[in-house]
file upload.cif (mmCIF, C-alpha atoms)
data_target
loop_
_atom_site.label_atom_id
_atom_site.label_comp_id
_atom_site.auth_asym_id
_atom_site.auth_seq_id
_atom_site.Cartn_x
_atom_site.Cartn_y
_atom_site.Cartn_z
CA MET D 173 0.66 2.51 -17.47
CA SER D 174 2.73 5.45 -16.55
CA GLU D 175 6.40 5.03 -15.72
CA LYS D 176 6.82 8.77 -15.41
CA SER D 177 4.23 11.11 -14.01
CA GLU D 178 3.85 14.86 -14.14
CA GLN D 179 3.48 15.19 -10.41
CA PRO D 180 6.29 16.50 -8.23
CA GLU D 181 8.55 13.49 -8.21
CA THR D 182 10.88 12.89 -5.38
CA GLN D 183 13.44 11.19 -7.53
CA GLY D 184 15.05 12.05 -10.81
CA THR D 185 13.86 10.28 -13.93
CA HIS D 186 17.12 10.74 -15.83
CA LEU D 187 19.13 7.69 -16.80
CA SER D 188 21.64 6.83 -14.16
CA ALA D 189 23.71 3.88 -13.08
CA GLU D 190 22.90 4.69 -9.48
CA PRO D 191 20.40 2.45 -7.74
CA ILE D 192 17.02 3.95 -6.93
CA LEU D 193 16.62 3.48 -3.22
CA SER D 194 13.13 4.86 -2.70
CA THR D 195 10.39 6.83 -4.35
CA GLY D 196 7.24 8.63 -3.36
CA PHE D 197 4.47 10.92 -4.45
CA LEU D 198 1.57 12.88 -3.08
CA LEU D 199 -1.77 11.15 -3.52
CA GLY D 200 -3.40 14.34 -4.71
CA HIS D 201 -0.92 14.85 -7.52
CA SER D 202 -1.37 11.63 -9.45
CA ASP D 203 -1.86 11.76 -13.20
CA GLY D 204 -4.61 9.15 -12.81
CA ARG D 205 -2.67 6.34 -14.44
CA TRP D 206 -1.39 3.10 -12.97
CA GLN D 207 2.26 3.36 -12.07
CA GLN D 208 4.81 0.59 -11.69
CA ARG D 209 6.91 1.31 -8.60
CA GLY D 210 9.33 -1.46 -7.82
CA GLN D 211 7.30 -4.64 -7.69
CA TYR D 212 4.08 -2.82 -6.84
CA ILE D 213 1.54 -1.34 -9.24
CA ILE D 214 -0.25 1.69 -7.84
CA TRP D 215 -3.12 3.90 -8.90
CA SER D 216 -4.30 6.95 -7.01
CA GLY D 217 -6.95 9.58 -7.57
CA LYS D 218 -9.22 11.96 -5.74
CA ARG D 219 -12.79 13.24 -5.73
CA GLU D 220 -14.19 16.38 -4.25
CA ALA D 221 -17.25 16.25 -1.98
CA SER D 222 -19.33 17.73 -4.79
CA GLU D 223 -18.50 14.76 -7.04
CA PRO D 224 -19.97 11.28 -6.71
CA ALA D 225 -17.62 9.04 -4.78
CA TYR D 226 -15.76 6.09 -6.19
CA VAL D 227 -17.23 2.96 -4.66
CA MET D 228 -15.37 -0.33 -4.40
CA HIS D 229 -17.52 -3.42 -5.01
CA GLU D 230 -16.66 -7.07 -4.53
CA TRP D 231 -18.42 -10.06 -6.00
CA ILE D 232 -19.05 -12.90 -3.59
CA GLU D 233 -21.23 -15.98 -3.96
CA ARG D 234 -24.16 -14.24 -2.26
CA GLY D 235 -24.14 -11.20 -4.52
CA VAL D 236 -22.41 -7.86 -4.81
CA LEU D 237 -20.84 -6.36 -1.73
CA PRO D 238 -20.36 -2.57 -1.79
CA ILE D 239 -17.55 -1.31 0.43
CA PRO D 240 -19.04 1.70 2.22
CA SER D 241 -17.39 4.83 0.92
CA ARG D 242 -17.07 7.98 2.96
CA ARG D 243 -18.78 6.25 5.87
CA GLN D 244 -15.47 6.47 7.64
CA PRO D 245 -12.88 9.16 6.97
CA ILE D 246 -10.14 6.59 6.56
CA LEU D 247 -10.36 3.02 5.27
CA LEU D 248 -8.10 0.17 4.18
CA HIS D 249 -9.76 -2.77 2.49
CA ARG D 250 -8.13 -5.92 1.13
CA VAL D 251 -9.49 -7.64 -1.95
CA PRO D 252 -8.12 -11.20 -1.83
CA ALA D 253 -6.50 -12.75 -4.86
CA GLY D 254 -9.10 -14.41 -7.07
CA ARG D 255 -12.05 -12.26 -5.98
CA PRO D 256 -13.70 -10.02 -8.62
CA TYR D 257 -13.79 -6.31 -7.82
CA HIS D 258 -15.10 -3.21 -9.52
CA VAL D 259 -14.86 0.47 -8.60
CA ALA D 260 -17.96 2.32 -9.73
CA ARG D 261 -17.15 5.42 -11.81
CA LEU D 262 -13.49 4.45 -12.08
CA PHE D 263 -13.78 1.43 -14.38
CA GLY D 264 -16.87 -0.22 -15.79
CA PHE D 265 -15.77 -3.84 -15.71
CA TRP D 266 -14.73 -6.33 -13.02
CA ILE D 267 -11.14 -7.35 -12.42
CA VAL D 268 -9.79 -10.57 -10.98
CA ASN D 269 -6.09 -10.59 -10.15
CA ASP D 270 -3.98 -13.51 -9.01
CA CYS D 271 -2.66 -11.42 -6.12
CA ASP D 272 -4.23 -9.31 -3.40
CA THR D 273 -5.32 -5.73 -4.11
CA LEU D 274 -5.62 -2.99 -1.49
CA TRP D 275 -8.14 -0.15 -1.53
CA PHE D 276 -7.23 2.85 0.61
CA GLU D 277 -9.45 5.88 1.16
CA THR D 278 -8.74 8.95 3.22
CA THR D 279 -10.67 12.20 3.42
CA ARG D 280 -9.06 15.56 4.08
CA GLY D 281 -11.57 18.38 4.24
CA ASP D 282 -13.67 18.22 1.08
CA THR D 283 -11.32 15.91 -0.77
CA THR D 284 -11.29 12.12 -0.67
CA TYR D 285 -8.11 10.43 -1.85
CA TYR D 286 -8.24 6.90 -3.22
CA THR D 287 -5.44 4.41 -3.80
CA LEU D 288 -5.31 0.96 -5.35
CA ILE D 289 -2.19 -1.10 -4.68
CA THR D 290 -1.55 -4.48 -6.20
CA GLY D 291 1.43 -6.75 -6.79
CA GLY D 292 4.48 -6.57 -4.58
CA VAL D 293 5.45 -10.07 -5.61
CA SER D 294 7.62 -10.73 -8.66
CA ASP D 295 5.61 -10.76 -11.87
CA ARG D 296 2.26 -10.39 -10.11
CA PRO D 297 -0.36 -9.80 -11.24
CA SER D 298 0.54 -12.51 -13.68
CA THR D 299 -2.93 -13.44 -14.94
CA SER D 300 -5.79 -10.94 -14.76
CA SER D 301 -9.35 -11.37 -15.85
CA CYS D 302 -12.01 -8.98 -17.06
CA LEU D 303 -15.66 -9.90 -16.55
CA TRP D 304 -19.11 -8.52 -15.89
CA VAL D 305 -21.74 -9.16 -13.26
CA CYS D 306 -25.42 -9.20 -14.08
CA PRO D 307 -27.17 -6.32 -12.25
CA LYS D 308 -30.36 -8.40 -11.99
CA CYS D 309 -29.15 -11.81 -10.80
CA ALA D 310 -25.44 -11.27 -9.89
CA ALA D 311 -24.23 -13.97 -12.28
CA ARG D 312 -20.66 -13.60 -13.51
CA PHE D 313 -20.33 -13.72 -17.25
CA ALA D 314 -18.23 -12.77 -20.30
CA GLU D 315 -15.05 -13.55 -18.39
CA GLN D 316 -11.78 -13.47 -20.28
CA SER D 317 -8.24 -13.66 -18.98
CA LEU D 318 -4.86 -12.39 -20.08
CA ARG D 319 -1.56 -13.71 -18.90
CA ALA D 320 0.92 -10.83 -18.97
CA PRO D 321 3.32 -11.07 -16.03
CA GLY D 322 4.62 -7.68 -15.01
CA GLN D 323 2.73 -5.89 -17.80
CA TYR D 324 -0.43 -4.51 -16.27
CA ASP D 325 -0.74 -1.94 -19.04
CA ARG D 326 -1.32 -4.81 -21.46
CA PHE D 327 -4.19 -6.02 -19.31
CA LEU D 328 -5.77 -2.56 -19.22
CA HIS D 329 -5.58 -2.37 -23.01
CA PHE D 330 -7.02 -5.88 -23.23
CA ALA D 331 -9.87 -4.84 -20.90
CA LEU D 332 -10.64 -1.77 -23.01
CA GLU D 333 -10.92 -3.99 -26.08
CA ARG D 334 -13.32 -6.23 -24.16
CA VAL D 335 -15.32 -3.16 -23.05
CA ARG D 336 -15.73 -2.03 -26.64
CA ALA D 337 -16.71 -5.48 -27.86
CA PHE D 338 -19.18 -5.76 -24.97
CA ASN D 339 -20.81 -2.44 -25.80
CA ALA D 340 -20.96 -3.25 -29.51
CA ASP D 341 -22.81 -6.55 -29.17
CA GLN D 342 -26.01 -6.87 -27.16
CA ALA D 343 -25.62 -10.65 -27.20
CA LEU D 344 -22.40 -10.30 -25.20
CA ARG D 345 -24.22 -8.04 -22.73
CA THR D 346 -27.06 -10.51 -22.23
CA CYS D 347 -26.86 -12.49 -19.00
CA PRO D 348 -26.67 -16.21 -19.77
CA ARG D 349 -28.63 -17.00 -16.60
CA CYS D 350 -31.52 -14.52 -16.52
CA ALA D 351 -31.31 -12.86 -19.98
CA ALA D 352 -31.15 -9.35 -18.54
CA VAL D 353 -29.18 -6.98 -20.74
CA HIS D 354 -26.25 -5.25 -19.05
CA PRO D 355 -26.07 -1.51 -19.85
CA PRO D 356 -23.04 -0.15 -21.75
CA VAL D 357 -19.81 0.09 -19.79
CA TYR D 358 -16.54 2.04 -19.75
CA GLY D 359 -12.82 1.39 -19.55
CA PHE D 360 -10.29 2.50 -16.96
CA TYR D 361 -8.95 5.74 -18.33
CA GLU D 362 -11.59 8.44 -18.69
CA SER D 363 -9.42 10.22 -21.25
CA SER D 364 -9.95 7.28 -23.63
CA ASP D 365 -13.75 7.25 -23.31
CA THR D 366 -15.90 7.29 -26.43
CA PRO D 367 -19.11 9.35 -26.09
CA GLU D 368 -21.01 6.13 -25.25
CA GLU D 369 -18.47 5.16 -22.60
CA ARG D 370 -18.51 8.69 -21.17
CA ALA D 371 -22.28 8.48 -20.84
CA ALA D 372 -22.02 5.07 -19.18
CA ARG D 373 -19.47 6.42 -16.71
CA ALA D 374 -21.70 9.39 -15.89
CA ALA D 375 -24.68 7.12 -15.36
CA ALA D 376 -22.81 4.80 -12.99
CA MET H 13 -26.24 2.27 -8.22
CA LEU H 14 -26.11 -0.28 -11.00
CA TYR H 15 -25.90 -3.27 -8.67
CA ALA H 16 -28.37 -2.15 -6.02
CA ASP H 17 -30.76 -5.03 -6.87
CA VAL H 18 -28.09 -7.63 -6.12
CA TYR H 19 -26.41 -6.06 -3.13
CA VAL H 20 -25.81 -8.39 -0.22
CA LYS H 21 -28.43 -7.31 2.30
CA ASP H 22 -26.55 -8.12 5.49
CA PRO H 23 -24.39 -5.48 7.15
CA ILE H 24 -20.89 -5.73 5.80
CA GLU H 25 -19.49 -6.52 9.24
CA LYS H 26 -21.49 -9.74 9.21
CA VAL H 27 -20.16 -10.73 5.81
CA VAL H 28 -16.50 -9.71 6.10
CA GLU H 29 -15.56 -9.08 9.71
CA ASP H 30 -12.29 -7.30 8.94
CA TRP H 31 -13.50 -5.44 5.86
CA ASP H 32 -11.70 -2.30 7.05
CA PHE H 33 -8.29 -2.93 8.58
CA LEU H 34 -8.28 0.62 9.99
CA ASN H 35 -11.51 0.15 11.90
CA GLU H 36 -10.85 0.85 15.57
CA ARG H 37 -11.91 -2.70 16.52
CA ILE H 38 -9.50 -4.24 14.03
CA VAL H 39 -6.49 -1.96 13.74
CA ALA H 40 -4.83 -2.93 17.01
CA ASN H 41 -4.30 -6.42 15.58
CA PHE H 42 -1.86 -4.88 13.12
CA SER H 43 0.25 -2.71 15.40
CA ALA H 44 3.14 -5.20 15.47
CA PHE H 45 2.81 -6.26 11.84
CA ARG H 46 0.52 -9.06 10.77
CA PRO H 47 0.63 -11.23 7.68
CA VAL H 48 -2.66 -11.47 5.78
CA GLY H 49 -2.77 -13.03 2.33
CA ASP H 50 0.12 -11.87 0.16
CA GLN H 51 1.21 -9.01 2.41
CA VAL H 52 2.42 -8.14 5.87
CA TYR H 53 0.69 -5.09 7.35
CA GLY H 54 1.77 -2.63 10.00
CA LEU H 55 -1.03 -0.17 10.75
CA HIS H 56 -0.52 2.72 13.10
CA PRO H 57 -3.35 5.15 13.85
CA LEU H 58 -2.03 8.36 15.34
CA LYS H 59 -3.25 9.42 18.75
CA PHE H 60 -3.33 12.81 20.35
CA ASP H 61 -3.30 14.06 23.90
CA ALA H 62 -5.71 16.63 25.37
CA ASN H 63 -3.54 19.43 24.03
CA GLY H 64 -3.71 18.13 20.51
CA HIS H 65 -0.15 16.84 20.52
CA MET H 66 0.57 13.53 18.90
CA LYS H 67 1.30 10.72 21.32
CA GLY H 68 3.42 7.62 21.10
CA PRO H 69 6.37 6.48 19.03
CA LEU H 70 4.68 7.31 15.74
CA GLN H 71 5.10 10.96 16.61
CA MET H 72 8.73 10.34 15.92
CA ALA H 73 8.03 8.73 12.59
CA PHE H 74 6.23 11.84 11.41
CA CYS H 75 8.46 14.41 13.07
CA ARG H 76 11.85 12.83 12.66
CA ARG H 77 13.70 11.78 9.60
CA THR H 78 13.60 8.52 7.71
CA LEU H 79 17.09 7.83 6.47
CA GLU H 80 18.43 5.51 3.81
CA LEU H 81 21.94 4.40 2.98
CA GLY H 82 23.17 4.33 -0.60
CA PRO H 83 26.34 4.69 -2.61
CA HIS H 84 26.73 8.31 -1.51
CA GLY H 85 26.22 7.60 2.14
CA ILE H 86 23.29 8.45 4.38
CA ARG H 87 20.53 10.67 3.11
CA GLU H 88 16.97 11.49 4.02
CA GLN H 89 14.49 9.17 2.38
CA MET H 90 12.31 10.88 -0.16
CA ARG H 91 9.00 9.99 1.43
CA SER H 92 9.79 12.01 4.53
CA GLN H 93 10.45 15.13 2.47
CA GLN H 94 6.89 15.31 1.24
CA LEU H 95 4.48 18.09 2.10
CA PRO H 96 3.01 18.09 5.57
CA ASN H 97 -0.72 17.45 5.88
CA SER H 98 -0.90 15.84 2.44
CA PRO H 99 -1.59 12.13 2.06
CA ALA H 100 1.38 10.53 0.38
CA ILE H 101 2.75 7.20 -0.66
CA GLY H 102 6.35 6.08 -0.55
CA ILE H 103 8.27 2.94 -1.37
CA ALA H 104 11.59 1.81 0.03
CA PHE H 105 12.94 -0.60 -2.51
CA ALA H 106 14.16 -4.04 -1.50
CA GLY H 107 17.72 -4.13 -0.22
CA THR H 108 17.86 -0.49 0.86
CA PRO H 109 19.07 -0.03 4.44
CA HIS H 110 16.62 2.35 6.12
CA HIS H 111 16.25 3.78 9.61
CA VAL H 112 13.60 6.01 11.22
CA GLU H 113 15.08 8.26 13.87
CA GLY H 114 13.59 7.53 17.26
CA LEU H 115 11.45 4.67 15.99
CA PHE H 116 13.93 1.82 15.59
CA GLY H 117 17.62 1.99 16.41
CA TYR H 118 19.13 -0.07 13.62
CA TRP H 119 19.16 -0.14 9.86
CA HIS H 120 16.47 -2.45 8.52
CA ILE H 121 17.29 -4.27 5.31
CA ASN H 122 14.67 -6.51 3.80
CA ASP H 123 14.35 -8.43 0.58
CA LYS H 124 10.98 -6.94 -0.32
CA ASP H 125 9.79 -3.49 -1.31
CA GLU H 126 8.06 -1.64 1.53
CA VAL H 127 5.12 0.64 0.80
CA TYR H 128 4.21 3.46 3.17
CA VAL H 129 0.90 5.27 2.92
CA ALA H 130 0.84 8.25 5.21
CA SER H 131 -2.32 10.11 6.02
CA PRO H 132 -1.07 12.86 8.31
CA PRO H 133 -3.18 14.68 10.86
CA GLY H 134 -5.89 16.97 9.55
CA ALA H 135 -8.10 19.45 11.36
CA ASN H 136 -10.78 16.93 12.29
CA ASP H 137 -9.55 13.97 10.33
CA PRO H 138 -8.00 10.83 11.76
CA SER H 139 -4.56 9.98 10.59
CA CYS H 140 -2.44 6.91 10.25
CA LEU H 141 0.65 5.35 8.85
CA VAL H 142 0.13 2.19 6.80
CA ILE H 143 3.14 -0.01 6.05
CA VAL H 144 2.69 -2.86 3.60
CA MET H 145 5.25 -5.33 2.32
CA PRO H 146 4.95 -8.70 0.62
CA HIS H 147 5.19 -11.75 2.79
CA PRO H 148 8.80 -12.98 2.67
CA LYS H 149 9.23 -16.40 1.12
CA GLY H 150 11.91 -19.06 0.82
CA ASN H 151 15.32 -17.78 1.83
CA GLU H 152 14.24 -14.13 1.95
CA THR H 153 15.43 -12.30 5.03
CA ASP H 154 15.10 -9.32 7.32
CA ARG H 155 18.40 -7.90 8.51
CA PHE H 156 19.26 -5.63 11.41
CA ALA H 157 22.41 -3.71 10.64
CA TRP H 158 24.50 -0.94 12.12
CA TYR H 159 26.73 1.34 10.10
CA CYS H 160 29.31 3.68 11.51
CA GLU H 161 27.71 7.10 11.83
CA ARG H 162 31.04 8.70 10.96
CA CYS H 163 32.36 6.67 7.99
CA THR H 164 29.26 4.50 7.11
CA ASN H 165 31.14 1.21 7.12
CA MET H 166 29.07 -1.67 8.42
CA VAL H 167 29.99 -2.54 11.97
CA PHE H 168 27.45 -5.23 12.89
CA MET H 169 24.59 -7.18 11.35
CA ARG H 170 22.27 -10.04 12.21
CA GLU H 171 19.85 -11.78 9.88
CA CYS H 172 16.50 -13.47 10.29
CA VAL H 173 15.30 -15.76 7.49
CA THR H 174 11.67 -14.69 7.81
CA GLY H 175 10.75 -16.39 4.54
CA ARG H 176 11.68 -19.79 5.93
CA ASP H 177 11.00 -19.26 9.64
CA GLY H 178 7.88 -17.10 9.37
CA PHE H 179 7.34 -13.43 10.10
CA ALA H 180 6.57 -14.22 13.73
CA ARG H 181 10.31 -14.65 14.18
CA PHE H 182 10.94 -11.01 13.25
CA TRP H 183 10.41 -9.42 16.67
CA PRO H 184 12.38 -11.93 18.75
CA ALA H 185 15.20 -11.74 16.21
CA GLU H 186 15.10 -7.94 16.28
CA ARG H 187 15.35 -7.78 20.05
CA ALA H 188 18.12 -10.40 20.14
CA ALA H 189 20.11 -8.50 17.51
CA VAL H 190 19.78 -5.20 19.38
CA ARG H 191 20.71 -6.74 22.71
CA GLU H 192 23.71 -8.53 21.20
CA TYR H 193 24.88 -5.34 19.51
CA ASN H 194 24.58 -3.39 22.74
CA SER H 195 26.23 -6.07 24.85
CA ASP H 196 29.79 -5.44 23.75
CA LEU H 197 31.56 -2.15 23.08
CA LYS H 198 33.51 -3.88 20.32
CA ASN H 199 30.31 -4.31 18.33
CA ARG H 200 29.71 -0.57 18.33
CA THR H 201 33.31 0.38 17.63
CA CYS H 202 34.04 0.96 13.96
CA TRP H 203 36.76 -1.32 12.65
CA ASN H 204 37.66 1.33 10.10
CA CYS H 205 37.78 4.65 11.92
CA GLY H 206 37.55 3.66 15.57
CA HIS H 207 34.43 5.71 16.24
CA VAL H 208 32.20 4.40 19.01
CA ASN H 209 28.63 4.38 17.77
CA PRO H 210 25.54 4.86 19.96
CA PHE H 211 23.48 1.99 21.33
CA GLY H 212 20.75 0.41 19.27
CA TYR H 213 17.10 0.15 20.32
CA VAL H 214 14.09 -1.92 19.27
CA ALA H 215 10.89 -0.69 17.64
CA MET H 216 8.77 -1.40 20.68
CA ALA H 217 9.82 1.33 23.06
CA HIS H 218 8.43 -0.35 26.17
CA PHE H 219 11.32 -2.81 26.00
CA ASP H 220 13.88 -0.01 26.28
CA ARG H 221 16.62 -0.24 28.86
CA PRO H 222 17.86 3.13 30.14
CA GLU H 223 20.78 3.28 27.71
CA GLU H 224 18.48 2.30 24.84
CA ARG H 225 15.94 4.99 25.76
CA ALA H 226 18.77 7.52 25.76
CA ALA H 227 19.89 6.29 22.33
CA ARG H 228 16.30 6.65 21.03
CA MET H 229 16.54 10.35 21.73
CA GLN H 230 19.92 10.54 20.04
CA TRP H 231 19.55 8.95 16.60
#

call {"tool": "encode", "arguments": {"input": "upload.cif", "output": "structure tokens"}}
result
Amino acid sequence: MSEKSEQPETQGTHLSAEPILSTGFLLGHSDGRWQQRGQYIIWSGKREASEPAYVMHEWIERGVLPIPSRRQPILLHRVPAGRPYHVARLFGFWIVNDCDTLWFETTRGDTTYYTLITGGVSDRPSTSSCLWVCPKCAARFAEQSLRAPGQYDRFLHFALERVRAFNADQALRTCPRCAAVHPPVYGFYESSDTPEERAARAAA
Amino acid sequence: MLYADVYVKDPIEKVVEDWDFLNERIVANFSAFRPVGDQVYGLHPLKFDANGHMKGPLQMAFCRRTLELGPHGIREQMRSQQLPNSPAIGIAFAGTPHHVEGLFGYWHINDKDEVYVASPPGANDPSCLVIVMPHPKGNETDRFAWYCERCTNMVFMRECVTGRDGFARFWPAERAAVREYNSDLKNRTCWNCGHVNPFGYVAMAHFDRPEERAARMQW
């Protein structure tokens, strides 16, 4: 998780005894990493019209619910605490947080800007889970949780370890309900992708 | 798509009615702030008249300054210095007195961080201001304060324990604080330097009295 980004910051990052009253950044200038800002954790990114869109998915009892992307030029969607979500092409696993997460999309010309916002409450997310959903029967499986209050970067590292274990072992990728084999997956940060993960991201 | 075989077949509106808070059928429910889950939301789509000029009080939020008060006095909040026409995000950290010129005539101090996501007007693109803050809990408060515009000493403040009493108490408490502040010249007169400060005004402009409407144009 990035505490300091390369984008044009609106506050100094030097050490100072002065309180930081506010902060801000342009959505189009994110470095693509999660950032802790106060009690919130924020990710933002963008895609051009020529690129496949990021698509938010939620898991509900009836199956997988895709949140229509680019159907409306501006969108704010709430993922309630405890509900699994996955953003196709952004991360190849499903996340469950113990606090709400917001998904914001806005399109300006040929560029769509995306933002994920979670937390806002002290030490939340506290416990986050990483899991997969069977693409043939929608069963949830291979779920593992990490309790790391206020340390979302630890969860992302934990998830990447789970991704690599999942890809390395077909037994882990086999749905316990219908025996379908889940294809290889990818972690959150594209810059960390192995060739297999890069291919999985491209195929998503 | 990987999950196409297990997609829920029903239209999303039938599964999650408020799946998009900015949908035109839903967004009006959030104009005066609404708690949902962990957060309180204030959602403000921007509207334009036939000449393409922005209408309503949000025009002021985009065109006028957002100010904050810190150890070095009053300064413009960083989020309002960002590039025009570029979507941006800003956070006012808990405890920071902040005031938007023309939008609300007091300094708001809350015990939670406030996130602002601004999607300013584009050529053919809708625009909005999204304000999100965690739901106050326990003894957490919202405060309505006035500081002397000349020497920045606090001259008046009222507090609403929104954590205990619920966020629905915010608007009545806000209006009561503004009306009390405006009711007596002593409240607006700085105990330190003697300066008489302008009237306060509430966020909902339709409640303005004449002197409050005049103050809205002033600070």

call {"tool": "residues_around", "arguments": {"input": "upload.cif", "residues": "H:Phe156", "least_positions_apart": "6", "cutoff": "12 Å", "atoms": "only C-alpha atoms", "output": "PyMOL selection string"}}
result
chain H and resi 107-111+116-122+166-173+182-193+212-215

call {"tool": "resolve_selection", "arguments": {"input": "upload.cif", "expression": "the PyMOL selection byres ((chain D) within 8 of (chain H))", "output": "VMD selection string"}}
result
chain D and resid 182 to 183 190 to 200 209 to 212 234 to 239 245 to 250 252 271 to 272 278 to 281 285 292 to 293 307 to 310 376

call {"tool": "residues_around", "arguments": {"input": "upload.cif", "residues": "D:Arg319", "least_positions_apart": "6", "cutoff": "9 Å", "atoms": "all atoms listed in the file", "output": "PyMOL selection string"}}
result
chain D and resi 297-301+327

call {"tool": "write_last_selection", "arguments": {"input": "upload.cif", "atoms": "C-alpha atoms", "output": "PDB file, in the coordinates of the input"}}
result
ATOM      1  CA  PRO D 297      -0.360  -9.800 -11.240  1.00  0.00           C
ATOM      2  CA  SER D 298       0.540 -12.510 -13.680  1.00  0.00           C
ATOM      3  CA  THR D 299      -2.930 -13.440 -14.940  1.00  0.00           C
ATOM      4  CA  SER D 300      -5.790 -10.940 -14.760  1.00  0.00           C
ATOM      5  CA  SER D 301      -9.350 -11.370 -15.850  1.00  0.00           C
ATOM      6  CA  PHE D 327      -4.190  -6.020 -19.310  1.00  0.00           C
TER       7      PHE D 327
END

call {"tool": "closest_residue", "arguments": {"input": "upload.cif", "among": "H:Trp203, H:Tyr53, H:Trp231, H:Phe45", "to": "H:Gly114", "atoms": "all atoms listed in the file"}}
result
H:Trp231

call {"tool": "atom_distance", "arguments": {"input": "upload.cif", "atom1": "atom CA of H:Ala217", "atom2": "atom CA of H:His56"}}
result
14.4 Å

call {"tool": "atom_distance", "arguments": {"input": "upload.cif", "atom1": "atom CA of D:Asp270", "atom2": "atom CA of H:Arg37"}}
result
28.8 Å

call {"tool": "closest_residue", "arguments": {"input": "upload.cif", "among": "D:Leu274, D:Ala221, D:Cys347, D:Cys302", "to": "D:Pro256", "atoms": "all atoms listed in the file"}}
result
D:Cys302

call {"tool": "atom_distance", "arguments": {"input": "upload.cif", "atom1": "atom CA of D:Ala352", "atom2": "atom CA of D:Leu332"}}
result
22.3 Å

call {"tool": "resolve_selection", "arguments": {"input": "upload.cif", "expression": "the PyMOL selection byres ((chain H and resi 202) around 10)", "output": "list in words"}}
result
Trp158, Tyr159, Cys160, Glu161, Arg162, Cys163, Thr164, Asn165, Met166, Val167, Phe168, Leu197, Lys198, Asn199, Arg200, Thr201, Trp203, Asn204, Cys205, Gly206, His207, Val208 and Asn209 of chain H

call {"tool": "residues_near_point", "arguments": {"input": "upload.cif", "point": "(17.2, 0.2, 26.2)", "cutoff": "9 Å", "atoms": "all atoms listed in the file", "output": "list of chain:residue names"}}
result
H:Arg191, H:Asn194, H:Phe211, H:Gly212, H:Tyr213, H:Val214, H:Ala217, H:His218, H:Phe219, H:Asp220, H:Arg221, H:Pro222, H:Glu223, H:Glu224, H:Arg225, H:Ala226, H:Ala227, H:Arg228

call {"tool": "residues_around", "arguments": {"input": "upload.cif", "residues": "D:Ser364", "least_positions_apart": "5", "cutoff": "12 Å", "atoms": "only C-alpha atoms", "output": "list in words"}}
result
Arg205, Phe263, Leu328, His329, Leu332, Glu333, Val335, Arg336, Tyr358, Gly359, Glu369, Arg370 and Arg373 of chain D

call {"tool": "closest_residue", "arguments": {"input": "upload.cif", "among": "H:Met216, H:Met229, H:Leu115, H:Leu141", "to": "D:Phe276", "atoms": "all atoms listed in the file"}}
result
H:Leu141

call {"tool": "residues_around", "arguments": {"input": "upload.cif", "residues": "D:Thr346", "least_positions_apart": "5", "cutoff": "10 Å", "atoms": "all atoms listed in the file", "output": "list in words"}}
result
Cys306, Phe313, Ala314, Phe338, Asp341, Ala351, Ala352, Val353, His354 and Pro355 of chain D

call {"tool": "write_last_selection", "arguments": {"input": "upload.cif", "atoms": "C-alpha atoms", "output": "short mmCIF file (atom, residue, chain, number, x, y, z; two decimals), in the frame of the given file"}}
result
data_model
loop_
_atom_site.label_atom_id
_atom_site.label_comp_id
_atom_site.auth_asym_id
_atom_site.auth_seq_id
_atom_site.Cartn_x
_atom_site.Cartn_y
_atom_site.Cartn_z
CA CYS D 306 -25.42 -9.20 -14.08
CA PHE D 313 -20.33 -13.72 -17.25
CA ALA D 314 -18.23 -12.77 -20.30
CA PHE D 338 -19.18 -5.76 -24.97
CA ASP D 341 -22.81 -6.55 -29.17
CA ALA D 351 -31.31 -12.86 -19.98
CA ALA D 352 -31.15 -9.35 -18.54
CA VAL D 353 -29.18 -6.98 -20.74
CA HIS D 354 -26.25 -5.25 -19.05
CA PRO D 355 -26.07 -1.51 -19.85
#

call {"tool": "axis_aligned_box", "arguments": {"input": "upload.cif", "around": "stretch 101-104 of chain H", "padding_each_side": "6 Å", "output": "lines of an AutoDock Vina configuration file"}}
result
center_x = 7.2
center_y = 4.5
center_z = -0.7
size_x = 20.8
size_y = 17.4
size_z = 13.4

call {"tool": "closest_residue", "arguments": {"input": "upload.cif", "among": "D:His201, D:His229, D:Arg296, D:Arg326", "to": "D:Ile267", "atoms": "only C-alpha atoms"}}
result
D:His229
